[in-house]
$ cat my_file-v3.cif   # mmCIF, C-alpha atoms
data_start
#
loop_
_atom_site.label_atom_id
_atom_site.label_comp_id
_atom_site.auth_asym_id
_atom_site.auth_seq_id
_atom_site.Cartn_x
_atom_site.Cartn_y
_atom_site.Cartn_z
CA MET V 1 12.01 -142.35 102.49
CA ASN V 2 15.49 -141.54 101.22
CA ARG V 3 16.77 -138.11 100.25
CA SER V 4 15.94 -138.43 96.56
CA THR V 5 12.31 -139.11 97.45
CA TRP V 6 12.07 -135.65 99.01
CA THR V 7 14.02 -133.73 96.37
CA SER V 8 12.96 -135.41 93.13
CA TRP V 9 10.16 -134.15 90.91
CA PRO V 10 7.33 -136.33 89.70
CA SER V 11 8.23 -137.52 86.21
CA LYS V 12 7.17 -135.43 83.24
CA GLU V 13 5.07 -138.36 82.04
CA ALA V 14 3.23 -138.20 85.37
CA LEU V 15 2.70 -134.43 85.19
CA ALA V 16 1.63 -134.35 81.55
CA ARG V 17 -2.03 -134.50 80.81
CA ALA V 18 -3.28 -137.13 78.41
CA ALA V 19 -4.00 -135.88 74.91
CA HIS V 20 -7.70 -135.46 74.30
CA THR V 21 -9.75 -135.25 71.16
CA ARG V 22 -11.15 -131.87 70.20
CA PRO V 23 -14.72 -132.63 71.43
CA ARG V 24 -13.42 -133.89 74.77
CA ALA V 25 -11.18 -130.84 75.16
CA ALA V 26 -14.14 -128.60 74.39
CA ILE V 27 -16.24 -130.38 77.00
CA GLY V 28 -13.46 -130.02 79.57
CA LEU V 29 -13.17 -126.31 78.85
CA LEU V 30 -16.92 -125.95 79.21
CA VAL V 31 -16.90 -127.76 82.56
CA TRP V 32 -14.08 -125.61 83.95
CA THR V 33 -15.83 -122.46 82.75
CA ALA V 34 -19.01 -123.58 84.49
CA VAL V 35 -17.04 -124.22 87.70
CA LEU V 36 -15.47 -120.75 87.61
CA VAL V 37 -18.82 -119.11 86.87
CA GLY V 38 -20.44 -121.06 89.71
CA LEU V 39 -17.64 -120.09 92.07
CA LEU V 40 -18.01 -116.45 91.07
CA TRP V 41 -21.79 -116.63 91.51
CA ARG V 42 -21.40 -118.22 94.94
CA THR V 43 -18.94 -115.52 95.95
CA LEU V 44 -21.21 -112.72 94.79
CA ALA V 45 -24.17 -114.35 96.53
CA GLU V 46 -22.41 -113.91 99.86
CA GLY V 47 -23.16 -110.20 99.49
CA GLY V 48 -21.52 -107.20 101.15
CA PHE V 49 -19.47 -106.13 98.13
CA THR V 50 -19.01 -102.58 96.97
CA PRO V 51 -19.52 -101.78 93.28
CA TRP V 52 -15.77 -101.57 92.60
CA GLN V 53 -15.22 -104.92 94.33
CA ILE V 54 -17.90 -106.50 92.15
CA ALA V 55 -16.16 -105.08 89.09
CA VAL V 56 -12.71 -106.31 90.17
CA LEU V 57 -13.79 -109.76 91.38
CA PRO V 58 -14.19 -111.38 87.90
CA VAL V 59 -10.78 -110.02 86.93
CA GLY V 60 -9.28 -111.56 90.07
CA VAL V 61 -10.90 -114.94 89.36
CA ALA V 62 -9.60 -114.86 85.77
CA GLY V 63 -6.13 -113.91 87.03
CA CYS V 64 -6.12 -116.84 89.44
CA ALA V 65 -7.14 -119.16 86.60
CA VAL V 66 -4.26 -117.88 84.44
CA ALA V 67 -1.82 -118.27 87.34
CA GLY V 68 -3.06 -121.83 87.87
CA VAL V 69 -2.46 -122.72 84.21
CA ALA V 70 1.01 -121.16 84.40
CA PHE V 71 1.73 -123.20 87.55
CA PHE V 72 0.80 -126.43 85.76
CA ARG V 73 3.08 -125.55 82.84
CA SER V 74 6.03 -124.56 85.00
CA THR V 75 5.79 -127.77 87.05
CA LEU V 76 5.63 -129.77 83.81
CA ALA V 77 8.92 -128.12 82.83
CA HIS V 78 10.35 -128.84 86.35
CA ARG V 79 10.99 -125.15 87.00
CA LEU V 80 11.04 -124.90 90.77
CA TRP V 81 11.24 -121.18 91.53
CA PRO V 82 8.55 -120.04 89.07
CA SER V 83 6.31 -122.81 90.39
CA LEU V 84 6.86 -121.73 94.00
CA GLY V 85 6.29 -118.09 93.09
CA LEU V 86 2.99 -118.84 91.35
CA LEU V 87 1.76 -120.96 94.25
CA VAL V 88 2.66 -118.26 96.77
CA LEU V 89 0.87 -115.74 94.56
CA LEU V 90 -2.27 -117.89 94.57
CA MET V 91 -2.18 -118.24 98.36
CA ALA V 92 -1.73 -114.48 98.69
CA ALA V 93 -4.73 -114.04 96.39
CA ALA V 94 -6.68 -116.27 98.78
CA PHE V 95 -5.85 -113.95 101.69
CA GLY V 96 -6.92 -110.99 99.56
CA ALA V 97 -10.18 -112.68 98.66
CA ARG V 98 -10.82 -113.38 102.32
CA GLU V 99 -10.19 -109.76 103.22
CA VAL V 100 -12.83 -108.51 100.76
CA GLY V 101 -15.35 -111.10 101.95
CA ALA V 102 -14.97 -113.74 99.20
CA GLY V 103 -14.63 -116.63 101.64
CA ALA V 104 -15.64 -119.35 99.17
CA LEU V 105 -12.96 -118.26 96.71
CA ALA V 106 -10.35 -118.19 99.47
CA VAL V 107 -11.22 -121.72 100.60
CA VAL V 108 -11.00 -123.03 97.04
CA LEU V 109 -7.60 -121.40 96.53
CA TRP V 110 -6.12 -122.65 99.82
CA CYS V 111 -7.35 -126.20 99.36
CA GLY V 112 -6.39 -126.26 95.69
CA CYS V 113 -2.87 -125.02 96.46
CA ALA V 114 -2.45 -127.65 99.16
CA VAL V 115 -3.53 -130.53 96.94
CA THR V 116 -1.68 -129.47 93.77
CA ALA V 117 1.53 -128.79 95.70
CA LEU V 118 1.57 -132.36 96.98
CA GLU V 119 0.70 -133.69 93.53
CA ARG V 120 3.15 -131.73 91.35
CA LEU V 121 6.10 -130.43 93.42
CA PRO V 122 9.05 -132.13 95.10
CA LEU V 123 8.02 -133.14 98.59
CA SER V 124 10.68 -130.91 100.18
CA ALA V 125 8.89 -127.88 98.70
CA ALA V 126 5.36 -129.27 98.69
CA VAL V 127 5.09 -130.14 102.38
CA PRO V 128 5.85 -126.62 103.74
CA LEU V 129 3.55 -124.98 101.20
CA THR V 130 0.78 -127.45 101.93
CA ALA V 131 1.21 -126.85 105.65
CA VAL V 132 0.94 -123.06 105.15
CA ALA V 133 -2.14 -123.36 102.94
CA LEU V 134 -3.96 -125.77 105.27
CA ALA V 135 -2.97 -123.76 108.34
CA ALA V 136 -4.47 -120.66 106.76
CA TYR V 137 -7.62 -122.60 105.95
CA ALA V 138 -7.84 -124.04 109.46
CA ILE V 139 -7.30 -120.69 111.18
CA VAL V 140 -9.66 -118.68 109.00
CA GLU V 141 -12.35 -121.19 108.09
CA GLY V 142 -12.06 -123.82 110.82
CA ASP V 143 -15.41 -125.15 112.13
CA GLY V 144 -14.08 -127.02 115.15
CA TRP V 145 -10.91 -128.95 115.72
CA LEU V 146 -12.31 -132.36 114.75
CA THR V 147 -13.80 -131.15 111.48
CA THR V 148 -10.65 -129.20 110.71
CA VAL V 149 -8.38 -132.19 111.40
CA VAL V 150 -10.52 -134.49 109.25
CA THR V 151 -10.71 -131.97 106.41
CA THR V 152 -7.00 -131.10 106.36
CA GLY V 153 -6.02 -134.75 106.74
CA SER V 154 -8.30 -135.70 103.86
CA LEU V 155 -6.80 -132.98 101.69
CA CYS V 156 -3.25 -134.15 102.47
CA LEU V 157 -4.18 -137.75 101.78
CA GLY V 158 -5.97 -136.79 98.57
CA GLY V 159 -3.00 -134.79 97.29
CA TYR V 160 -0.55 -137.59 98.03
CA VAL V 161 -2.85 -140.19 96.45
CA LEU V 162 -3.06 -138.02 93.33
CA ARG V 163 0.74 -137.88 93.32
CA LEU V 164 1.00 -141.68 93.56
CA ASP V 165 -1.63 -142.11 90.86
CA ALA V 166 0.21 -139.70 88.57
CA GLU V 167 3.47 -141.57 89.14
CA ALA V 168 1.73 -144.85 88.35
CA ARG V 169 0.38 -143.39 85.12
CA GLY V 170 3.82 -142.01 84.28
CA SER V 171 5.41 -145.41 84.86
CA ALA V 172 2.77 -147.02 82.66
CA LYS V 173 3.52 -144.51 79.88
CA ARG V 174 7.25 -145.20 80.12
CA LEU V 175 6.69 -148.96 80.04
CA LEU V 176 4.40 -148.57 77.04
CA ALA V 177 7.02 -146.47 75.23
CA GLN V 178 9.69 -149.07 76.04
CA GLU V 179 7.44 -151.86 74.80
CA ARG V 180 6.81 -150.02 71.55
CA ALA V 181 10.53 -149.40 71.11
CA ALA V 182 11.19 -153.08 71.75
CA ARG V 183 8.60 -154.06 69.16
CA VAL V 184 10.14 -151.68 66.63
CA ALA V 185 13.58 -153.16 67.34
CA GLU V 186 12.18 -156.68 67.04
CA ALA V 187 10.54 -155.80 63.73
CA GLY V 188 13.81 -154.30 62.51
CA THR V 189 15.70 -157.44 63.51
CA ALA V 190 13.15 -159.62 61.73
CA ALA V 191 13.39 -157.44 58.62
CA LEU V 192 17.19 -157.63 58.69
CA ALA V 193 17.04 -161.40 59.02
CA GLU V 194 14.63 -161.62 56.07
CA ARG V 195 16.82 -159.34 53.97
CA SER V 196 19.83 -161.51 54.82
CA ARG V 197 17.90 -164.59 53.70
CA ILE V 198 16.95 -162.91 50.42
CA ALA V 199 20.57 -161.82 49.95
CA ARG V 200 21.76 -165.40 50.38
CA GLU V 201 19.21 -166.62 47.82
CA ILE V 202 20.26 -163.96 45.31
CA HIS V 203 23.93 -164.74 45.89
CA ASP V 204 23.44 -168.48 45.49
CA VAL V 205 21.37 -168.14 42.30
CA LEU V 206 21.97 -164.90 40.41
CA ALA V 207 25.54 -164.10 41.43
CA HIS V 208 26.73 -167.63 40.73
CA SER V 209 24.91 -167.60 37.38
CA LEU V 210 26.50 -164.33 36.33
CA SER V 211 29.93 -165.53 37.43
CA ALA V 212 29.49 -168.68 35.32
CA GLN V 213 28.39 -166.57 32.35
CA LEU V 214 31.52 -164.45 32.68
CA VAL V 215 33.70 -167.58 32.61
CA HIS V 216 31.93 -168.96 29.50
CA LEU V 217 31.97 -165.61 27.71
CA GLU V 218 35.67 -165.20 28.41
CA ALA V 219 36.29 -168.71 27.06
CA ALA V 220 34.21 -167.90 24.00
CA ARG V 221 36.20 -164.69 23.43
CA LEU V 222 39.49 -166.59 23.58
CA LEU V 223 38.20 -169.23 21.12
CA ILE V 224 36.90 -166.61 18.68
CA GLU V 225 40.20 -164.71 18.75
CA ARG V 226 41.93 -167.87 17.50
CA GLU V 227 39.82 -167.90 14.34
CA PRO V 228 41.03 -166.19 11.17
CA ALA V 229 40.20 -162.51 10.94
CA GLY V 230 37.09 -161.63 9.02
CA GLU V 231 33.95 -159.54 9.10
CA PHE V 232 31.79 -162.26 10.64
CA ARG V 233 34.45 -163.16 13.21
CA ASP V 234 34.92 -159.53 14.22
CA LEU V 235 31.16 -159.04 14.55
CA VAL V 236 30.76 -162.10 16.78
CA LEU V 237 33.77 -161.08 18.87
CA GLU V 238 32.28 -157.60 19.37
CA ARG V 239 28.99 -159.08 20.58
CA VAL V 240 30.71 -161.49 22.95
CA VAL V 241 32.87 -158.72 24.42
CA ALA V 242 29.76 -156.55 24.89
CA ALA V 243 27.90 -159.43 26.55
CA ARG V 244 30.88 -160.05 28.84
CA SER V 245 30.94 -156.36 29.80
CA MET V 246 27.20 -156.41 30.55
CA ALA V 247 27.58 -159.57 32.65
CA ARG V 248 30.43 -157.97 34.60
CA GLU V 249 28.35 -154.84 35.24
CA GLY V 250 25.38 -156.98 36.23
CA LEU V 251 27.53 -158.91 38.68
CA ALA V 252 28.80 -155.65 40.20
CA GLU V 253 25.23 -154.36 40.51
CA THR V 254 24.17 -157.62 42.12
CA ARG V 255 26.94 -157.37 44.68
CA GLN V 256 25.93 -153.80 45.49
CA ALA V 257 22.32 -154.92 45.95
CA LEU V 258 23.47 -157.73 48.23
CA SER V 259 25.51 -155.29 50.29
CA ALA V 260 22.45 -153.03 50.59
CA LEU V 261 20.31 -155.92 51.76
CA ARG V 262 22.87 -156.82 54.40
CA GLY V 263 23.33 -153.21 55.48
CA GLU V 264 27.01 -153.27 54.46
CA MET V 265 26.98 -150.51 51.85
CA THR V 266 30.00 -148.32 51.27
CA PRO V 267 29.54 -144.58 51.92
CA VAL V 268 27.69 -142.79 49.13
CA GLU V 269 30.58 -140.41 48.44
CA ASP V 270 32.94 -143.37 47.91
CA PHE V 271 30.44 -144.95 45.53
CA LEU V 272 30.23 -141.72 43.51
CA ARG V 273 34.01 -141.50 43.21
CA GLN V 274 34.17 -145.10 42.00
CA LEU V 275 31.32 -144.42 39.57
CA VAL V 276 33.23 -141.70 37.71
CA ALA V 277 36.74 -143.10 38.15
CA GLY V 278 38.86 -142.76 35.02
CA GLU V 279 36.55 -140.23 33.36
CA ALA V 280 36.46 -136.49 32.85
CA ALA V 281 34.30 -136.09 35.93
CA GLU V 282 34.56 -134.43 39.33
CA VAL V 283 32.87 -135.32 42.62
CA LEU V 284 32.24 -132.62 45.22
CA VAL V 285 30.91 -133.36 48.70
CA ALA V 286 29.50 -130.60 50.92
CA GLY V 287 28.21 -130.74 54.48
CA GLU V 288 29.00 -133.16 57.28
CA CYS V 289 29.05 -136.71 55.96
CA ARG V 290 26.87 -139.20 57.81
CA PRO V 291 25.43 -142.68 57.21
CA LEU V 292 22.19 -142.63 55.26
CA ALA V 293 19.16 -144.87 55.57
CA ALA V 294 19.13 -147.76 53.10
CA ASP V 295 16.30 -146.35 50.97
CA ALA V 296 17.84 -142.86 50.73
CA SER V 297 21.29 -144.29 50.01
CA GLN V 298 19.99 -146.58 47.27
CA THR V 299 18.00 -143.77 45.67
CA VAL V 300 21.03 -141.47 45.54
CA ARG V 301 23.20 -144.25 44.08
CA ARG V 302 20.70 -145.29 41.41
CA VAL V 303 19.90 -141.75 40.33
CA ALA V 304 23.61 -140.86 40.16
CA GLN V 305 24.33 -144.00 38.20
CA GLU V 306 21.55 -143.36 35.70
CA ALA V 307 22.42 -139.67 35.31
CA VAL V 308 26.12 -140.40 34.71
CA THR V 309 25.25 -143.19 32.28
CA ASN V 310 22.97 -140.86 30.34
CA ALA V 311 25.75 -138.24 30.25
CA ARG V 312 28.06 -140.83 28.70
CA LYS V 313 25.48 -141.75 26.07
CA HIS V 314 24.17 -138.35 25.05
CA ALA V 315 27.17 -136.10 25.74
CA PRO V 316 30.23 -138.29 25.13
CA GLY V 317 33.43 -136.63 26.17
CA ALA V 318 31.69 -133.88 28.12
CA ALA V 319 32.89 -132.97 31.61
CA VAL V 320 30.56 -134.20 34.35
CA LEU V 321 30.18 -132.64 37.78
CA VAL V 322 28.62 -134.72 40.58
CA ARG V 323 27.83 -132.73 43.72
CA LEU V 324 26.54 -134.35 46.92
CA GLU V 325 25.40 -132.10 49.78
CA TYR V 326 24.44 -133.25 53.27
CA LEU V 327 21.71 -130.99 54.64
CA PRO V 328 20.29 -131.05 58.21
CA ASP V 329 17.23 -133.13 57.30
CA SER V 330 17.94 -134.26 53.74
CA VAL V 331 20.62 -134.98 51.16
CA ALA V 332 20.87 -133.31 47.75
CA LEU V 333 22.51 -134.68 44.60
CA GLU V 334 23.31 -132.71 41.46
CA VAL V 335 24.68 -134.26 38.28
CA ARG V 336 25.63 -131.73 35.59
CA ASP V 337 27.39 -132.18 32.25
CA SER V 338 28.97 -129.57 30.01
CA GLY V 339 27.99 -130.96 26.62
CA GLY V 340 24.94 -131.05 24.37
CA ARG V 341 22.19 -133.51 25.05
CA SER V 342 19.10 -134.82 23.36
CA SER V 343 15.63 -133.84 24.52
CA ALA V 344 14.21 -135.00 27.83
CA GLY V 345 11.68 -137.17 26.07
CA GLU V 346 14.40 -139.12 24.30
CA LEU V 347 16.35 -139.43 27.53
CA ALA V 348 13.38 -140.83 29.39
CA VAL V 349 13.02 -143.78 27.03
CA SER V 350 16.60 -144.42 26.01
CA GLY V 351 19.18 -146.90 27.21
CA SER V 352 18.21 -149.13 30.10
CA GLY V 353 14.58 -148.04 30.14
CA TYR V 354 14.95 -146.39 33.54
CA GLY V 355 15.05 -142.79 32.39
CA LEU V 356 13.79 -139.69 34.07
CA LEU V 357 10.44 -141.27 34.86
CA GLY V 358 12.04 -144.11 36.78
CA MET V 359 14.35 -141.77 38.68
CA ARG V 360 11.46 -139.49 39.62
CA GLU V 361 9.31 -142.43 40.80
CA ARG V 362 12.16 -143.77 42.93
CA ALA V 363 12.60 -140.37 44.57
CA GLU V 364 8.89 -139.85 45.21
CA LEU V 365 8.56 -143.27 46.84
CA ILE V 366 10.62 -142.05 49.81
CA GLY V 367 9.21 -138.51 49.89
CA GLY V 368 11.89 -136.90 47.75
CA THR V 369 11.85 -134.75 44.63
CA LEU V 370 13.71 -134.89 41.33
CA GLN V 371 14.08 -132.15 38.73
CA ALA V 372 15.83 -132.59 35.41
CA GLY V 373 16.27 -130.39 32.36
CA PRO V 374 18.68 -128.37 30.25
CA GLY V 375 21.11 -126.18 32.16
CA GLU V 376 23.32 -123.29 31.11
CA GLU V 377 25.64 -125.63 29.21
CA GLY V 378 24.37 -129.18 29.27
CA PHE V 379 21.81 -131.20 31.18
CA VAL V 380 21.23 -131.06 34.96
CA VAL V 381 19.64 -133.60 37.30
CA ASN V 382 18.76 -132.43 40.81
CA LEU V 383 17.66 -134.91 43.48
CA ARG V 384 16.66 -134.22 47.05
CA VAL V 385 15.55 -136.91 49.48
CA PRO V 386 14.88 -136.83 53.25
CA ALA V 387 17.69 -138.34 55.26
#

$ encode --input "my_file-v3.cif" --output "structure tokens"
Amino acid sequence: MNRSTWTSWPSKEALARAAHTRPRAAIGLLVWTAVLVGLLWRTLAEGGFTPWQIAVLPVGVAGCAVAGVAFFRSTLAHRLWPSLGLLVLLMAAAFGAREVGAGALAVVLWCGCAVTALERLPLSAAVPLTAVALAAYAIVEGDGWLTTVVTTGSLCLGGYVLRLDAEARGSAKRLLAQERAARVAEAGTAALAERSRIAREIHDVLAHSLSAQLVHLEAARLLIEREPAGEFRDLVLERVVAARSMAREGLAETRQALSALRGEMTPVEDFLRQLVAGEAAEVLVAGECRPLAADASQTVRRVAQEAVTNARKHAPGAAVLVRLEYLPDSVALEVRDSGGRSSAGELAVSGSGYGLLGMRERAELIGGTLQAGPGEEGFVVNLRVPA
């Protein structure tokens, strides 16, 4: 054995008890209660106790049980000195029990301390404590040297075997956790590969189609501008220019969606500044900026885009304030305009068809909330999503 073998604790996975269902935990509590009651009954059956000793004995047994639970918790937290203090206290309680004639209780405490020390403490601390506990047992309760040697040897072996078994279970838990993490990483890699494939398909089909439409619409605009001015010509030119603008916006949206699929999205605050560039709008960012998950980032972008678009439609010329706040476990977005606005019902069904209902559904899909309604001056949209 090297030095670390003597000074290192058993792993926390080894010391932790497996989680049990409520019925199993209740059964375990019942069994331990029965053991303590049986031990107390056996101790009282030995006789020779004064009335005050009989009154104090249950309190002492309960105190030892509490100290034992505290010992298990302190060893789980790898707190050496509290663990040693509690174990010494239990061994002292064993001497006290022996002095008042509770020999069975003393034997249980000495043997239990010896075994649990080997199981849950660093060997450099466990071996001396185990030696003291077993020496006390051998001196006080020994029934002959052969029986004593066999008993103490069996207790030492049992404690060390329990330690090895706990370490094996702890290693199994760590391997299981690593395997689960590897599976999650593998699933994430597979999902990223699938998203990349979808992004390539969208780029090859939709993006190319929109780019071609832009070229044809621009050519059509140039041809129409060569025609003599007139009402019909101006009307057609207006429609072509509008269609070209829609195709350009659609191509920009497609590129953003492709970037999201590939995990190459620009920071949200940069997107918001680009969204309101050239307008009477202000973007404020509060909190410590950090990368957001794809779903949270997309939700914030889409809601901001829809809210700003609605402000342009229903409050043209009004000042718009976009505020993004990074909170410890979430991100909050507020879009506020300073002008008049139509009713919420009209907003929900106007324009692109997304509306308040679509924004609220998008937020709720990832566990977020969205509130929208008239503010002190104009209309306010508040979004909060976990991130």

$ resolve_selection --input "my_file-v3.cif" --expression "the PyMOL selection byres ((chain V and resi 64) around 10)" --output "list in words"
Pro58, Val59, Gly60, Val61, Ala62, Gly63, Ala65, Val66, Ala67, Gly68, Val69, Ala70, Leu86, Leu89, Leu90, Met91, Ala93, Ala94 and Leu109 of chain V

$ closest_residue --input "my_file-v3.cif" --among "V:Pro23, V:Gly188, V:Gly317, V:Pro122" --to "Pro10 (chain V)" --atoms "all atoms listed in the file"
V:Pro122

$ atom_distance --input "my_file-v3.cif" --atom1 "CA of Gly170 (chain V)" --atom2 "CA of Ala117 (chain V)"
17.6 Å

$ closest_residue --input "my_file-v3.cif" --among "V:Ile366, V:Ala319, V:Leu157, V:Ala243" --to "Leu118 (chain V)" --atoms "only C-alpha atoms"
V:Leu157

$ atom_distance --input "my_file-v3.cif" --atom1 "CA of Gly375 (chain V)" --atom2 "CA of Ser297 (chain V)"
25.4 Å

$ residues_around --input "my_file-v3.cif" --residues "region 209-224 of chain V" --least-positions-apart "4" --cutoff "10 Å" --atoms "only C-alpha atoms" --output "CSV table (one decimal) with C-alpha atoms, in the coordinates of the input"
chain,number,residue,atom,x,y,z
V,202,ILE,CA,20.3,-164.0,45.3
V,203,HIS,CA,23.9,-164.7,45.9
V,204,ASP,CA,23.4,-168.5,45.5
V,205,VAL,CA,21.4,-168.1,42.3
V,228,PRO,CA,41.0,-166.2,11.2
V,229,ALA,CA,40.2,-162.5,10.9
V,233,ARG,CA,34.4,-163.2,13.2
V,234,ASP,CA,34.9,-159.5,14.2
V,236,VAL,CA,30.8,-162.1,16.8
V,237,LEU,CA,33.8,-161.1,18.9
V,238,GLU,CA,32.3,-157.6,19.4
V,239,ARG,CA,29.0,-159.1,20.6
V,240,VAL,CA,30.7,-161.5,23.0
V,241,VAL,CA,32.9,-158.7,24.4
V,242,ALA,CA,29.8,-156.6,24.9
V,243,ALA,CA,27.9,-159.4,26.6
V,244,ARG,CA,30.9,-160.0,28.8
V,245,SER,CA,30.9,-156.4,29.8
V,246,MET,CA,27.2,-156.4,30.6
V,247,ALA,CA,27.6,-159.6,32.6
V,248,ARG,CA,30.4,-158.0,34.6
V,249,GLU,CA,28.4,-154.8,35.2
V,250,GLY,CA,25.4,-157.0,36.2
V,251,LEU,CA,27.5,-158.9,38.7
V,252,ALA,CA,28.8,-155.6,40.2
V,254,THR,CA,24.2,-157.6,42.1

$ resolve_selection --input "my_file-v3.cif" --expression "the PyMOL selection byres ((chain V and resi 84) around 10)" --output "VMD selection string"
chain V and resid 71 74 to 75 79 to 83 85 to 90 117 121 125 to 126 129

$ residues_around --input "my_file-v3.cif" --residues "Thr369 (chain V)" --least-positions-apart "6" --cutoff "10 Å" --atoms "all atoms listed in the file" --output "ChimeraX atom specification"
/V:332,359-363,382-386

$ closest_residue --input "my_file-v3.cif" --among "V:Trp41, V:Phe271, V:Trp52, V:Trp9" --to "Arg120 (chain V)" --atoms "all atoms listed in the file"
V:Trp9

$ resolve_selection --input "my_file-v3.cif" --expression "the PyMOL selection byres ((chain V and resi 7) around 6)" --output "list in words"
Ser4, Thr5, Trp6, Ser8, Pro122 and Ser124 of chain V

$ closest_residue --input "my_file-v3.cif" --among "V:Gly153, V:Pro267, V:Gly368, V:Gly358" --to "Pro291 (chain V)" --atoms "only C-alpha atoms"
V:Pro267

$ residues_near_point --input "my_file-v3.cif" --point "(-4.9, -121.4, 107.2)" --cutoff "12 Å" --atoms "only C-alpha atoms" --output "PDB file with C-alpha atoms, in the coordinates of the input"
ATOM      1  CA  MET V  91      -2.180-118.240  98.360  1.00  0.00           C
ATOM      2  CA  ALA V  92      -1.730-114.480  98.690  1.00  0.00           C
ATOM      3  CA  ALA V  94      -6.680-116.270  98.780  1.00  0.00           C
ATOM      4  CA  PHE V  95      -5.850-113.950 101.690  1.00  0.00           C
ATOM      5  CA  ARG V  98     -10.820-113.380 102.320  1.00  0.00           C
ATOM      6  CA  ALA V 106     -10.350-118.190  99.470  1.00  0.00           C
ATOM      7  CA  VAL V 107     -11.220-121.720 100.600  1.00  0.00           C
ATOM      8  CA  VAL V 108     -11.000-123.030  97.040  1.00  0.00           C
ATOM      9  CA  LEU V 109      -7.600-121.400  96.530  1.00  0.00           C
ATOM     10  CA  TRP V 110      -6.120-122.650  99.820  1.00  0.00           C
ATOM     11  CA  CYS V 111      -7.350-126.200  99.360  1.00  0.00           C
ATOM     12  CA  CYS V 113      -2.870-125.020  96.460  1.00  0.00           C
ATOM     13  CA  ALA V 114      -2.450-127.650  99.160  1.00  0.00           C
ATOM     14  CA  LEU V 129       3.550-124.980 101.200  1.00  0.00           C
ATOM     15  CA  THR V 130       0.780-127.450 101.930  1.00  0.00           C
ATOM     16  CA  ALA V 131       1.210-126.850 105.650  1.00  0.00           C
ATOM     17  CA  VAL V 132       0.940-123.060 105.150  1.00  0.00           C
ATOM     18  CA  ALA V 133      -2.140-123.360 102.940  1.00  0.00           C
ATOM     19  CA  LEU V 134      -3.960-125.770 105.270  1.00  0.00           C
ATOM     20  CA  ALA V 135      -2.970-123.760 108.340  1.00  0.00           C
ATOM     21  CA  ALA V 136      -4.470-120.660 106.760  1.00  0.00           C
ATOM     22  CA  TYR V 137      -7.620-122.600 105.950  1.00  0.00           C
ATOM     23  CA  ALA V 138      -7.840-124.040 109.460  1.00  0.00           C
ATOM     24  CA  ILE V 139      -7.300-120.690 111.180  1.00  0.00           C
ATOM     25  CA  VAL V 140      -9.660-118.680 109.000  1.00  0.00           C
ATOM     26  CA  GLU V 141     -12.350-121.190 108.090  1.00  0.00           C
ATOM     27  CA  GLY V 142     -12.060-123.820 110.820  1.00  0.00           C
ATOM     28  CA  THR V 148     -10.650-129.200 110.710  1.00  0.00           C
ATOM     29  CA  THR V 152      -7.000-131.100 106.360  1.00  0.00           C
TER      30      THR V 152
END

$ closest_residue --input "my_file-v3.cif" --among "V:Glu194, V:Glu253, V:Arg3, V:Gly355" --to "Gln298 (chain V)" --atoms "only C-alpha atoms"
V:Glu253
